[in-house]
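Take a look at the structure below.
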Amino acid sequence: MDHDDDSPESIDQRIWLTVCAIPRGMVATYGDIAQRAGMPGAARRVGVALRRLPRGTSVPWYRVVNASGRSSLPPGPDGADRQHALLQEEGVALLPGTGAFRKHRWR
DNA sequence: ATCTTGACAATTG
DNA sequence: GCAATTGCCAAGA
């Protein structure tokens, strides 16, 4: 029985669902998402999946940060700046020195 | 089939 | 704490 889809779209779907599982007000790393999605070491694959997300998606992509606890997106209003703003609305400030990342890290 | 790129991670200086 | 290097895995040209 082939219920295991190796299709790229199915992989994206699984990653998105995992991201949706991140509780509000918390953040997770790409590596954590990858491991939880069933593909440890494929942190980059997570980045690809998130990049493929449409605008106005219900997937909380902004809750995913890199291992440094920082936005991995390029600077700009539609990049790190956007992510930072959205997280701040949930009470998460990725400010250096505050240790907010470790404090709100979800695993 | 080969090479390059990418919203990463861990290690080292 | 930051910058450079190496490793990993999959998608795109």
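Residue numbering restarts at 1 for every chain of the structure tokens, chains are lettered A, B, ... in their displayed order, and ligands are numbered from 1 as they appear.
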
Quick check: residues of chain C within 9 Å of chain A, only C-alpha atoms (C1' of nucleotides), returned as a PDB file with N, CA and C atoms (P, O5', C5', C4', C3', O3' and C1' of nucleotides), in the first residue's frame.
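The resulting result-v4.pdb:
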ATOM      1  P    DC C   8      28.656  15.036   5.786  1.00  0.00           P
ATOM      2  O5'  DC C   8      27.106  15.330   5.836  1.00  0.00           O
ATOM      3  C5'  DC C   8      26.554  16.447   6.458  1.00  0.00           C
ATOM      4  C4'  DC C   8      25.049  16.439   6.313  1.00  0.00           C
ATOM      5  C3'  DC C   8      24.533  15.576   5.169  1.00  0.00           C
ATOM      6  O3'  DC C   8      23.361  14.878   5.535  1.00  0.00           O
ATOM      7  C1'  DC C   8      24.049  17.881   4.757  1.00  0.00           C
ATOM      8  P    DC C   9      22.782  13.720   4.642  1.00  0.00           P
ATOM      9  O5'  DC C   9      21.603  14.433   3.831  1.00  0.00           O
ATOM     10  C5'  DC C   9      20.594  15.120   4.550  1.00  0.00           C
ATOM     11  C4'  DC C   9      19.635  15.793   3.593  1.00  0.00           C
ATOM     12  C3'  DC C   9      19.367  15.003   2.315  1.00  0.00           C
ATOM     13  O3'  DC C   9      17.978  14.941   2.064  1.00  0.00           O
ATOM     14  C1'  DC C   9      20.061  17.202   1.781  1.00  0.00           C
ATOM     15  P    DA C  10      17.485  14.030   0.838  1.00  0.00           P
ATOM     16  O5'  DA C  10      16.782  15.133  -0.078  1.00  0.00           O
ATOM     17  C5'  DA C  10      15.861  16.023   0.521  1.00  0.00           C
ATOM     18  C4'  DA C  10      15.597  17.218  -0.382  1.00  0.00           C
ATOM     19  C3'  DA C  10      15.155  16.832  -1.796  1.00  0.00           C
ATOM     20  O3'  DA C  10      14.066  17.656  -2.173  1.00  0.00           O
ATOM     21  C1'  DA C  10      17.006  18.272  -1.908  1.00  0.00           C
ATOM     22  P    DA C  11      13.323  17.323  -3.550  1.00  0.00           P
ATOM     23  O5'  DA C  11      13.483  18.722  -4.309  1.00  0.00           O
ATOM     24  C5'  DA C  11      13.131  19.915  -3.603  1.00  0.00           C
ATOM     25  C4'  DA C  11      13.518  21.145  -4.401  1.00  0.00           C
ATOM     26  C3'  DA C  11      13.042  21.133  -5.841  1.00  0.00           C
ATOM     27  O3'  DA C  11      12.617  22.442  -6.210  1.00  0.00           O
ATOM     28  C1'  DA C  11      15.398  21.322  -5.789  1.00  0.00           C
TER      29       DA C  11
END

Polymer residues at most 10 Å from A:Pro96, only C-alpha atoms (C1' of nucleotides), same-chain spacing of 4 or more positions, as a PDB file with N, CA, C and O atoms, in the first residue's frame:
ATOM      1  N   GLY A  69      18.907  31.634  16.846  1.00  0.00           N
ATOM      2  CA  GLY A  69      17.767  32.323  17.439  1.00  0.00           C
ATOM      3  C   GLY A  69      17.462  33.619  16.719  1.00  0.00           C
ATOM      4  O   GLY A  69      16.837  34.515  17.264  1.00  0.00           O
ATOM      5  N   ARG A  70      17.917  33.700  15.470  1.00  0.00           N
ATOM      6  CA  ARG A  70      17.724  34.927  14.689  1.00  0.00           C
ATOM      7  C   ARG A  70      16.952  34.614  13.429  1.00  0.00           C
ATOM      8  O   ARG A  70      16.918  33.473  12.985  1.00  0.00           O
ATOM      9  N   ALA A 100      15.614  35.687  24.779  1.00  0.00           N
ATOM     10  CA  ALA A 100      14.202  35.387  24.508  1.00  0.00           C
ATOM     11  C   ALA A 100      14.071  34.101  23.706  1.00  0.00           C
ATOM     12  O   ALA A 100      13.140  33.332  23.905  1.00  0.00           O
ATOM     13  N   PHE A 101      15.009  33.886  22.819  1.00  0.00           N
ATOM     14  CA  PHE A 101      14.955  32.717  21.952  1.00  0.00           C
ATOM     15  C   PHE A 101      14.955  31.430  22.770  1.00  0.00           C
ATOM     16  O   PHE A 101      14.067  30.594  22.647  1.00  0.00           O
TER      17      PHE A 101
END

Do you have, as a tab-separated table, the list of residues of chain A lying at most 8 Å from chain B, each with its nearest atom pair and that distance in Å to one decimal, counting only C-alpha atoms (C1' of nucleotides) and ordered by chain then number?
residue	atom	partner	partner_atom	distance
A:Tyr30	CA	B:DC8	C1'	6.7
A:Gly31	CA	B:DC8	C1'	7.2
A:Ala43	CA	B:DC8	C1'	5.2
A:Arg44	CA	B:DC8	C1'	5.0
A:Gly47	CA	B:DA7	C1'	4.8
A:Val48	CA	B:DA7	C1'	7.1
A:Leu50	CA	B:DA7	C1'	6.9
A:Arg51	CA	B:DA7	C1'	6.2
A:Asn66	CA	B:DC8	C1'	6.9
A:Ala67	CA	B:DA9	C1'	6.8
A:Ser72	CA	B:DA7	C1'	5.4
A:Leu73	CA	B:DA7	C1'	5.0
A:Pro74	CA	B:DA7	C1'	8.0

Export of the given selection (N, CA and C atoms) as a compact mmCIF listing (two decimals), in the first residue's frame:
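part_1.txt, written as the output of this step:
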# COMPACT_ATOMS: atom_id res chain seq x y z
N TYR A 30 14.91 25.53 12.44
CA TYR A 30 14.71 24.74 11.21
C TYR A 30 15.06 23.29 11.48
N GLY A 31 16.13 23.08 12.20
CA GLY A 31 16.56 21.71 12.49
C GLY A 31 15.53 20.97 13.33
N ALA A 43 17.43 20.43 7.51
CA ALA A 43 16.98 21.76 7.91
C ALA A 43 16.78 22.65 6.69
N ARG A 44 17.65 22.48 5.72
CA ARG A 44 17.55 23.30 4.51
C ARG A 44 16.25 23.04 3.79
N GLY A 47 13.59 25.19 4.99
CA GLY A 47 13.67 26.54 4.43
C GLY A 47 13.01 26.61 3.06
N VAL A 48 13.25 25.59 2.25
CA VAL A 48 12.65 25.54 0.92
C VAL A 48 11.13 25.50 1.01
N LEU A 50 9.20 26.50 3.41
CA LEU A 50 8.64 27.75 3.91
C LEU A 50 8.69 28.81 2.82
N ARG A 51 9.72 28.75 2.00
CA ARG A 51 9.84 29.72 0.91
C ARG A 51 8.73 29.53 -0.10
N ASN A 66 16.56 30.42 12.89
CA ASN A 66 17.74 29.58 12.75
C ASN A 66 18.32 29.22 14.11
N ALA A 67 19.37 28.42 14.10
CA ALA A 67 19.95 27.91 15.34
C ALA A 67 20.51 29.02 16.21
N SER A 72 16.45 34.10 9.69
CA SER A 72 17.35 33.68 8.63
C SER A 72 16.99 34.34 7.32
N LEU A 73 15.99 35.21 7.37
CA LEU A 73 15.54 35.89 6.17
C LEU A 73 16.40 37.10 5.89
N PRO A 74 16.43 37.51 4.63
CA PRO A 74 17.17 38.72 4.27
C PRO A 74 16.49 39.94 4.87

Practice problem: Return as JSON, numbers by chain the full set of residues in chain A whose backbone-based DSSP assignment is strand (DSSP E or B). | Solution: {"A": [27, 28, 29, 64, 65, 105]}

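Interatomic distance, atom CA of A:Trp106 against atom CA of A:Gln88: 16.2 Å.
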
Self-check item: Polymer residues at most 12 Å from A:Trp61, only C-alpha atoms (C1' of nucleotides), same-chain spacing of 2 or more positions, as a PyMOL selection string
Solution: (chain A and resi 15-24+26-30+33+46-59+63-65+71-73+79-80+82-84+86-87) or (chain B and resi 7)

Practice problem: Apply DSSP to the backbone of this structure and, from chain A, keep only the residues in alpha helix (DSSP H); write these as an MDAnalysis selection string. | Solution: chainID A and resid 8:20 30:36 43:51 80:89 100:104

Output file for the residues above (N, CA and C atoms, as a CSV table (one decimal), in the first residue's frame):
chain,number,residue,atom,x,y,z
A,8,PRO,N,7.5,15.9,-3.7
A,8,PRO,CA,7.9,17.1,-3.0
A,8,PRO,C,6.8,17.8,-2.4
A,9,GLU,N,5.7,17.8,-3.0
A,9,GLU,CA,4.6,18.6,-2.4
A,9,GLU,C,4.1,18.0,-1.1
A,10,SER,N,4.1,16.7,-1.0
A,10,SER,CA,3.8,16.0,0.2
A,10,SER,C,4.7,16.3,1.3
A,11,ILE,N,6.0,16.4,0.9
A,11,ILE,CA,7.0,16.7,1.9
A,11,ILE,C,6.8,18.1,2.4
A,12,ASP,N,6.5,19.1,1.5
A,12,ASP,CA,6.2,20.4,2.0
A,12,ASP,C,5.0,20.4,2.9
A,13,GLN,N,4.0,19.7,2.6
A,13,GLN,CA,2.8,19.6,3.4
A,13,GLN,C,3.1,19.2,4.8
A,14,ARG,N,4.0,18.1,4.9
A,14,ARG,CA,4.3,17.6,6.2
A,14,ARG,C,5.1,18.7,7.0
A,15,ILE,N,6.0,19.4,6.4
A,15,ILE,CA,6.7,20.4,7.0
A,15,ILE,C,5.8,21.5,7.5
A,16,TRP,N,4.9,21.9,6.6
A,16,TRP,CA,4.0,23.0,7.0
A,16,TRP,C,3.1,22.6,8.2
A,17,LEU,N,2.7,21.3,8.2
A,17,LEU,CA,1.9,20.9,9.4
A,17,LEU,C,2.7,20.9,10.6
A,18,THR,N,3.9,20.6,10.5
A,18,THR,CA,4.8,20.6,11.7
A,18,THR,C,5.0,22.0,12.2
A,19,VAL,N,5.1,22.9,11.3
A,19,VAL,CA,5.3,24.3,11.7
A,19,VAL,C,4.0,24.8,12.3
A,20,CYS,N,2.9,24.4,11.8
A,20,CYS,CA,1.6,24.7,12.4
A,20,CYS,C,1.4,24.2,13.8
A,30,TYR,N,14.9,25.5,12.4
A,30,TYR,CA,14.7,24.7,11.2
A,30,TYR,C,15.1,23.3,11.5
A,31,GLY,N,16.1,23.1,12.2
A,31,GLY,CA,16.6,21.7,12.5
A,31,GLY,C,15.5,21.0,13.3
A,32,ASP,N,14.9,21.7,14.3
A,32,ASP,CA,13.9,21.0,15.1
A,32,ASP,C,12.7,20.6,14.3
A,33,ILE,N,12.3,21.5,13.4
A,33,ILE,CA,11.2,21.2,12.6
A,33,ILE,C,11.5,20.0,11.7
A,34,ALA,N,12.7,20.0,11.1
A,34,ALA,CA,13.1,18.9,10.2
A,34,ALA,C,13.0,17.6,11.0
A,35,GLN,N,13.5,17.6,12.2
A,35,GLN,CA,13.6,16.3,12.9
A,35,GLN,C,12.2,15.9,13.3
A,36,ARG,N,11.3,16.8,13.7
A,36,ARG,CA,10.0,16.5,14.0
A,36,ARG,C,9.2,16.1,12.8
A,43,ALA,N,17.4,20.4,7.5
A,43,ALA,CA,17.0,21.8,7.9
A,43,ALA,C,16.8,22.7,6.7
A,44,ARG,N,17.6,22.5,5.7
A,44,ARG,CA,17.6,23.3,4.5
A,44,ARG,C,16.2,23.0,3.8
A,45,ARG,N,15.8,21.8,3.8
A,45,ARG,CA,14.6,21.4,3.1
A,45,ARG,C,13.4,22.2,3.8
A,46,VAL,N,13.5,22.4,5.1
A,46,VAL,CA,12.5,23.2,5.7
A,46,VAL,C,12.4,24.6,5.2
A,47,GLY,N,13.6,25.2,5.0
A,47,GLY,CA,13.7,26.5,4.4
A,47,GLY,C,13.0,26.6,3.1
A,48,VAL,N,13.2,25.6,2.3
A,48,VAL,CA,12.7,25.5,0.9
A,48,VAL,C,11.1,25.5,1.0
A,49,ALA,N,10.6,24.7,1.9
A,49,ALA,CA,9.2,24.5,2.1
A,49,ALA,C,8.6,25.8,2.5
A,50,LEU,N,9.2,26.5,3.4
A,50,LEU,CA,8.6,27.8,3.9
A,50,LEU,C,8.7,28.8,2.8
A,51,ARG,N,9.7,28.7,2.0
A,51,ARG,CA,9.8,29.7,0.9
A,51,ARG,C,8.7,29.5,-0.1
A,80,ALA,N,13.2,39.7,7.4
A,80,ALA,CA,13.5,39.6,8.8
A,80,ALA,C,12.7,40.6,9.6
A,81,ASP,N,12.5,41.8,9.0
A,81,ASP,CA,11.7,42.8,9.7
A,81,ASP,C,10.3,42.4,9.9
A,82,ARG,N,9.7,41.8,8.9
A,82,ARG,CA,8.4,41.3,9.0
A,82,ARG,C,8.2,40.2,10.1
A,83,GLN,N,9.2,39.3,10.0
A,83,GLN,CA,9.2,38.2,11.0
A,83,GLN,C,9.3,38.7,12.4
A,84,HIS,N,10.2,39.7,12.6
A,84,HIS,CA,10.4,40.3,13.9
A,84,HIS,C,9.1,40.9,14.4
A,85,ALA,N,8.5,41.6,13.6
A,85,ALA,CA,7.2,42.3,14.0
A,85,ALA,C,6.1,41.3,14.4
A,86,LEU,N,6.0,40.3,13.6
A,86,LEU,CA,4.9,39.3,13.8
A,86,LEU,C,5.2,38.6,15.2
A,87,LEU,N,6.5,38.3,15.4
A,87,LEU,CA,6.8,37.6,16.7
A,87,LEU,C,6.6,38.5,17.9
A,88,GLN,N,6.9,39.8,17.6
A,88,GLN,CA,6.7,40.7,18.7
A,88,GLN,C,5.3,40.8,19.1
A,89,GLU,N,4.4,40.6,18.2
A,89,GLU,CA,3.0,40.6,18.4
A,89,GLU,C,2.5,39.5,19.3
A,100,ALA,N,15.6,35.7,24.8
A,100,ALA,CA,14.2,35.4,24.5
A,100,ALA,C,14.1,34.1,23.7
A,101,PHE,N,15.0,33.9,22.8
A,101,PHE,CA,15.0,32.7,22.0
A,101,PHE,C,15.0,31.4,22.8
A,102,ARG,N,15.9,31.3,23.6
A,102,ARG,CA,16.0,30.1,24.5
A,102,ARG,C,14.8,30.0,25.4
A,103,LYS,N,14.3,31.1,25.7
A,103,LYS,CA,13.2,31.2,26.7
A,103,LYS,C,11.9,30.7,26.0
A,104,HIS,N,11.8,31.0,24.8
A,104,HIS,CA,10.5,30.7,24.0
A,104,HIS,C,10.7,29.5,23.1
